[in-house]
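**Student:** File name coords-v8.txt; file contents compact mmCIF, C-alpha atoms and all ligand atoms; full text below.
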```txt
# COMPACT_ATOMS: atom_id res chain seq x y z
CA MET W 68 -3.26 -82.20 -30.22
CA LEU W 69 -4.98 -82.22 -26.84
CA HIS W 70 -8.09 -80.98 -28.53
CA ALA W 71 -8.04 -83.87 -30.99
CA LEU W 72 -7.57 -86.35 -28.17
CA ARG W 73 -10.56 -84.93 -26.30
CA LEU W 74 -12.64 -85.21 -29.44
CA ILE W 75 -11.66 -88.86 -29.89
CA LEU W 76 -12.41 -89.61 -26.26
CA SER W 77 -15.83 -88.03 -26.43
CA ILE W 78 -16.69 -89.94 -29.61
CA ALA W 79 -15.62 -93.17 -27.89
CA ALA W 80 -17.78 -92.35 -24.88
CA VAL W 81 -20.80 -91.73 -27.08
CA SER W 82 -20.35 -95.02 -28.95
CA ILE W 83 -19.97 -97.01 -25.73
CA ALA W 84 -23.16 -95.41 -24.39
CA GLY W 85 -24.87 -96.34 -27.67
CA LEU W 86 -23.82 -99.97 -27.31
CA ALA W 87 -25.06 -100.20 -23.75
CA ALA W 88 -28.43 -98.82 -24.76
CA ALA W 89 -28.95 -101.37 -27.55
CA SER W 90 -30.31 -104.76 -26.63
CA ILE W 91 -27.82 -107.54 -26.10
CA ALA W 92 -26.14 -108.76 -29.29
CA GLY W 93 -26.96 -112.20 -30.59
CA ASN W 94 -24.63 -114.74 -32.18
CA PRO W 95 -26.42 -116.60 -35.00
CA VAL W 96 -23.91 -119.47 -35.08
CA ARG W 97 -24.48 -120.23 -31.43
CA GLY W 98 -28.20 -119.65 -32.03
CA GLN W 99 -28.23 -122.39 -34.65
CA GLN W 100 -26.86 -124.85 -32.07
CA LEU W 101 -29.37 -123.71 -29.47
CA PHE W 102 -32.14 -124.20 -32.02
CA ASN W 103 -31.82 -127.94 -31.24
CA ARG W 104 -34.19 -127.15 -28.41
CA CYS W 105 -36.78 -125.98 -30.92
CA SER W 106 -36.28 -128.20 -33.97
CA GLY W 107 -38.29 -131.10 -32.57
CA CYS W 108 -41.38 -128.94 -33.00
CA HIS W 109 -40.30 -126.26 -35.49
CA SER W 110 -39.00 -126.57 -39.04
CA VAL W 111 -37.04 -123.77 -40.69
CA GLN W 112 -37.98 -125.02 -44.16
CA GLY W 113 -41.58 -123.92 -44.23
CA GLU W 114 -43.39 -127.09 -43.21
CA ASN W 115 -45.62 -127.52 -40.19
CA LYS W 116 -44.54 -129.89 -37.44
CA SER W 117 -46.25 -129.85 -34.07
CA GLY W 118 -45.32 -126.14 -34.16
CA PRO W 119 -45.38 -123.73 -37.12
CA PRO W 120 -42.24 -123.17 -39.25
CA LEU W 121 -39.98 -120.38 -37.99
CA ASN W 122 -38.13 -119.27 -41.12
CA GLY W 123 -39.17 -115.68 -41.77
CA VAL W 124 -40.71 -115.34 -38.33
CA VAL W 125 -38.77 -112.19 -37.40
CA GLY W 126 -40.96 -109.28 -38.45
CA ARG W 127 -43.92 -111.53 -39.27
CA GLU W 128 -47.33 -111.22 -37.62
CA ALA W 129 -48.02 -113.90 -35.04
CA ALA W 130 -50.14 -116.89 -35.99
CA VAL W 131 -50.28 -116.36 -39.77
CA VAL W 132 -48.68 -119.51 -41.24
CA GLU W 133 -51.28 -121.05 -43.52
CA GLY W 134 -52.43 -124.52 -42.68
CA TYR W 135 -51.15 -124.39 -39.12
CA ARG W 136 -53.80 -124.58 -36.40
CA TYR W 137 -52.81 -122.02 -33.83
CA SER W 138 -54.34 -121.61 -30.40
CA PRO W 139 -57.06 -118.96 -30.26
CA ALA W 140 -54.85 -117.23 -27.68
CA LEU W 141 -51.99 -116.66 -30.13
CA MET W 142 -54.34 -115.77 -32.99
CA ASN W 143 -55.99 -113.11 -30.86
CA ALA W 144 -52.79 -111.76 -29.32
CA GLY W 145 -52.37 -109.13 -32.05
CA LEU W 146 -48.60 -109.56 -31.93
CA THR W 147 -45.93 -108.90 -34.53
CA TRP W 148 -42.72 -110.81 -33.95
CA THR W 149 -40.30 -107.98 -33.49
CA GLU W 150 -37.07 -109.00 -31.79
CA ASP W 151 -38.43 -107.56 -28.54
CA ALA W 152 -41.71 -109.46 -28.82
CA LEU W 153 -39.83 -112.70 -29.54
CA ASP W 154 -37.58 -112.10 -26.57
CA THR W 155 -40.56 -111.63 -24.25
CA TYR W 156 -42.39 -114.67 -25.67
CA LEU W 157 -39.36 -116.96 -25.44
CA ALA W 158 -38.62 -115.84 -21.89
CA GLY W 159 -42.04 -117.13 -20.81
CA PRO W 160 -44.52 -117.98 -23.56
CA THR W 161 -47.50 -118.67 -21.31
CA ARG W 162 -46.76 -115.54 -19.33
CA ALA W 163 -46.53 -113.42 -22.49
CA VAL W 164 -49.58 -114.98 -24.19
CA ARG W 165 -51.83 -116.67 -21.71
CA GLY W 166 -53.27 -119.81 -23.28
CA THR W 167 -50.61 -120.29 -25.97
CA ARG W 168 -49.80 -123.92 -26.72
CA MET W 169 -46.09 -123.28 -26.81
CA THR W 170 -44.71 -124.00 -23.36
CA VAL W 171 -40.96 -124.17 -23.91
CA SER W 172 -39.14 -121.17 -22.47
CA VAL W 173 -35.55 -120.00 -22.78
CA SER W 174 -34.44 -118.52 -19.49
CA ARG W 175 -31.02 -117.06 -20.40
CA GLU W 176 -31.13 -113.69 -22.10
CA GLN W 177 -28.00 -114.44 -24.15
CA ASP W 178 -29.51 -117.70 -25.40
CA ARG W 179 -32.65 -115.88 -26.51
CA ALA W 180 -30.61 -113.21 -28.29
CA ASP W 181 -28.58 -115.92 -30.08
CA ILE W 182 -31.68 -117.86 -31.16
CA ILE W 183 -33.34 -114.67 -32.42
CA ALA W 184 -30.17 -113.74 -34.34
CA TYR W 185 -30.24 -117.19 -35.96
CA LEU W 186 -33.94 -116.87 -36.88
CA LYS W 187 -33.25 -113.45 -38.31
CA SER W 188 -30.44 -114.84 -40.46
CA LEU W 189 -32.87 -117.27 -42.11
CA GLY W 190 -34.93 -114.55 -43.76
CA GLY W 191 -38.26 -115.37 -45.42
CA GLN W 192 -39.46 -118.72 -46.78
C1 LIG W 201 -42.78 -129.09 -27.67
C2 LIG W 201 -42.94 -128.39 -28.90
C3 LIG W 201 -42.28 -127.02 -29.04
C4 LIG W 201 -40.97 -126.68 -28.81
C5 LIG W 201 -39.84 -127.56 -28.33
C6 LIG W 201 -40.86 -125.28 -29.16
N1 LIG W 201 -42.05 -124.79 -29.60
FE1 LIG W 201 -42.43 -122.93 -30.35
N2 LIG W 201 -44.36 -123.41 -30.65
C7 LIG W 201 -44.93 -124.64 -30.39
C8 LIG W 201 -46.35 -124.61 -30.66
C9 LIG W 201 -47.33 -125.75 -30.47
C10 LIG W 201 -46.62 -123.30 -31.14
C11 LIG W 201 -47.98 -122.71 -31.50
C12 LIG W 201 -48.49 -121.98 -30.27
C13 LIG W 201 -49.93 -121.55 -30.30
O1 LIG W 201 -50.62 -121.79 -31.30
O2 LIG W 201 -50.35 -120.97 -29.29
C14 LIG W 201 -45.34 -122.58 -31.13
C15 LIG W 201 -45.19 -121.27 -31.54
C16 LIG W 201 -44.00 -120.60 -31.61
C17 LIG W 201 -43.82 -119.29 -32.13
C18 LIG W 201 -44.90 -118.40 -32.78
C19 LIG W 201 -44.89 -118.68 -34.29
C20 LIG W 201 -45.94 -117.96 -35.11
O3 LIG W 201 -46.07 -118.33 -36.29
O4 LIG W 201 -46.61 -117.05 -34.61
C21 LIG W 201 -42.50 -118.99 -31.99
C22 LIG W 201 -41.81 -117.70 -32.40
C23 LIG W 201 -41.87 -120.11 -31.39
N3 LIG W 201 -42.79 -121.09 -31.16
C24 LIG W 201 -40.51 -120.20 -31.09
C25 LIG W 201 -39.89 -121.31 -30.53
C26 LIG W 201 -38.47 -121.38 -30.27
C27 LIG W 201 -37.45 -120.32 -30.61
C28 LIG W 201 -38.24 -122.59 -29.67
C29 LIG W 201 -36.94 -123.15 -29.14
C30 LIG W 201 -36.35 -122.42 -28.06
C31 LIG W 201 -39.51 -123.28 -29.59
N4 LIG W 201 -40.49 -122.46 -30.13
C32 LIG W 201 -39.68 -124.55 -29.08
C33 LIG W 201 -44.28 -125.76 -29.92
C34 LIG W 201 -42.95 -125.82 -29.54
```
Kindly present the structure from the file in structure tokens form.

**Tutor:**
Amino acid sequence: MLHALRLILSIAAVSIAGLAAASIAGNPVRGQQLFNRCSGCHSVQGENKSGPPLNGVVGREAAVVEGYRYSPALMNAGLTWTEDALDTYLAGPTRAVRGTRMTVSVSREQDRADIIAYLKSLGGQ
């Protein structure tokens, strides 16, 4: 009995450690609301506005939407939009990619995680 309890406790400890190691979890529903800050410039239906569309952006190479005129800085950045790369870019776009034309940053880590979770939920075009 005691043995079983110890086993359960050690499994719990391992899973808690695993959670702490993972990056902060995002809430896509909240992310959709926060996307109001982005939707003036970004569509999620594939069309270009003053910024490129963001549906399918998670996992996509940077600066590859056809017909959108990106800054040379973003085209030459050699980035792929992993969740980590998006997080760094959104925290400070001009710091992450000097010369990018996107200047809007999202300072709260939870807000970034929520927005990224929302973008991820949109899938491809
Ligand atoms: C005022 C307009 C504006 C707002 C608001 C804005 N962006 Fe942008 N965004 C841009 C522009 C312009 C670019 C293209 C940057 C370049 O070419 O250097 C861009 C590029 C991007 C890219 C790279 C896309 C690609 O195809 O490589 C991502 C990701 C992005 N924005 C996310 C966001 C998110 C998330 C928000 C909301 C928090 C947001 N942007 C708000 C104008 C904006």

**Student:** Could you give me the residues within 7 Å of ligand LIG 201 (chain W), counting only C-alpha atoms and all ligand atoms, as a ChimeraX atom specification?

**Tutor:** /W:102,104-109,117-121,124,128-132,136-138,140-141,153,157,166-173,182

**Student:** Atoms to include: C-alpha atoms. Write the selected residues as a PDB file, keeping the file's coordinate frame.

**Tutor:**
```
ATOM      1  CA  PHE W 102     -32.140-124.200 -32.020  1.00  0.00           C
ATOM      2  CA  ARG W 104     -34.190-127.150 -28.410  1.00  0.00           C
ATOM      3  CA  CYS W 105     -36.780-125.980 -30.920  1.00  0.00           C
ATOM      4  CA  SER W 106     -36.280-128.200 -33.970  1.00  0.00           C
ATOM      5  CA  GLY W 107     -38.290-131.100 -32.570  1.00  0.00           C
ATOM      6  CA  CYS W 108     -41.380-128.940 -33.000  1.00  0.00           C
ATOM      7  CA  HIS W 109     -40.300-126.260 -35.490  1.00  0.00           C
ATOM      8  CA  SER W 117     -46.250-129.850 -34.070  1.00  0.00           C
ATOM      9  CA  GLY W 118     -45.320-126.140 -34.160  1.00  0.00           C
ATOM     10  CA  PRO W 119     -45.380-123.730 -37.120  1.00  0.00           C
ATOM     11  CA  PRO W 120     -42.240-123.170 -39.250  1.00  0.00           C
ATOM     12  CA  LEU W 121     -39.980-120.380 -37.990  1.00  0.00           C
ATOM     13  CA  VAL W 124     -40.710-115.340 -38.330  1.00  0.00           C
ATOM     14  CA  GLU W 128     -47.330-111.220 -37.620  1.00  0.00           C
ATOM     15  CA  ALA W 129     -48.020-113.900 -35.040  1.00  0.00           C
ATOM     16  CA  ALA W 130     -50.140-116.890 -35.990  1.00  0.00           C
ATOM     17  CA  VAL W 131     -50.280-116.360 -39.770  1.00  0.00           C
ATOM     18  CA  VAL W 132     -48.680-119.510 -41.240  1.00  0.00           C
ATOM     19  CA  ARG W 136     -53.800-124.580 -36.400  1.00  0.00           C
ATOM     20  CA  TYR W 137     -52.810-122.020 -33.830  1.00  0.00           C
ATOM     21  CA  SER W 138     -54.340-121.610 -30.400  1.00  0.00           C
ATOM     22  CA  ALA W 140     -54.850-117.230 -27.680  1.00  0.00           C
ATOM     23  CA  LEU W 141     -51.990-116.660 -30.130  1.00  0.00           C
ATOM     24  CA  LEU W 153     -39.830-112.700 -29.540  1.00  0.00           C
ATOM     25  CA  LEU W 157     -39.360-116.960 -25.440  1.00  0.00           C
ATOM     26  CA  GLY W 166     -53.270-119.810 -23.280  1.00  0.00           C
ATOM     27  CA  THR W 167     -50.610-120.290 -25.970  1.00  0.00           C
ATOM     28  CA  ARG W 168     -49.800-123.920 -26.720  1.00  0.00           C
ATOM     29  CA  MET W 169     -46.090-123.280 -26.810  1.00  0.00           C
ATOM     30  CA  THR W 170     -44.710-124.000 -23.360  1.00  0.00           C
ATOM     31  CA  VAL W 171     -40.960-124.170 -23.910  1.00  0.00           C
ATOM     32  CA  SER W 172     -39.140-121.170 -22.470  1.00  0.00           C
ATOM     33  CA  VAL W 173     -35.550-120.000 -22.780  1.00  0.00           C
ATOM     34  CA  ILE W 182     -31.680-117.860 -31.160  1.00  0.00           C
TER      35      ILE W 182
END
```

**Student:** So the first atom is atom CA of Leu189 of chain W and the second is atom CA of Pro95 of chain W; what is the distance between them in Å, to one decimal place?

**Tutor:**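 For atom CA of Leu189 of chain W relative to atom CA of Pro95 of chain W, the distance reads 9.6 Å.
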
**Student:** Env of Glu150 of chain W: 8 Å cut, atoms = all atoms listed in the file, seq-sep filter 5 positions within chain, self excluded. Answer as an MDAnalysis selection string.

**Tutor:** chainID W and resid 125:126 183

**Student:** What separation in Å, quoted to one decimal, exists between atom CA of Gln99 of chain W and atom CA of Gly123 of chain W?

**Tutor:** 14.7 Å

**Student:** So, counting all atoms listed in the file, which residue among W:Arg162, W:Arg97, W:Arg127, W:His70 is closest to Gln177 of chain W?

**Tutor:**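 Going through W:Arg162, W:Arg97, W:Arg127, W:His70 one by one, the smallest distance to Gln177 of chain W is for W:Arg97.
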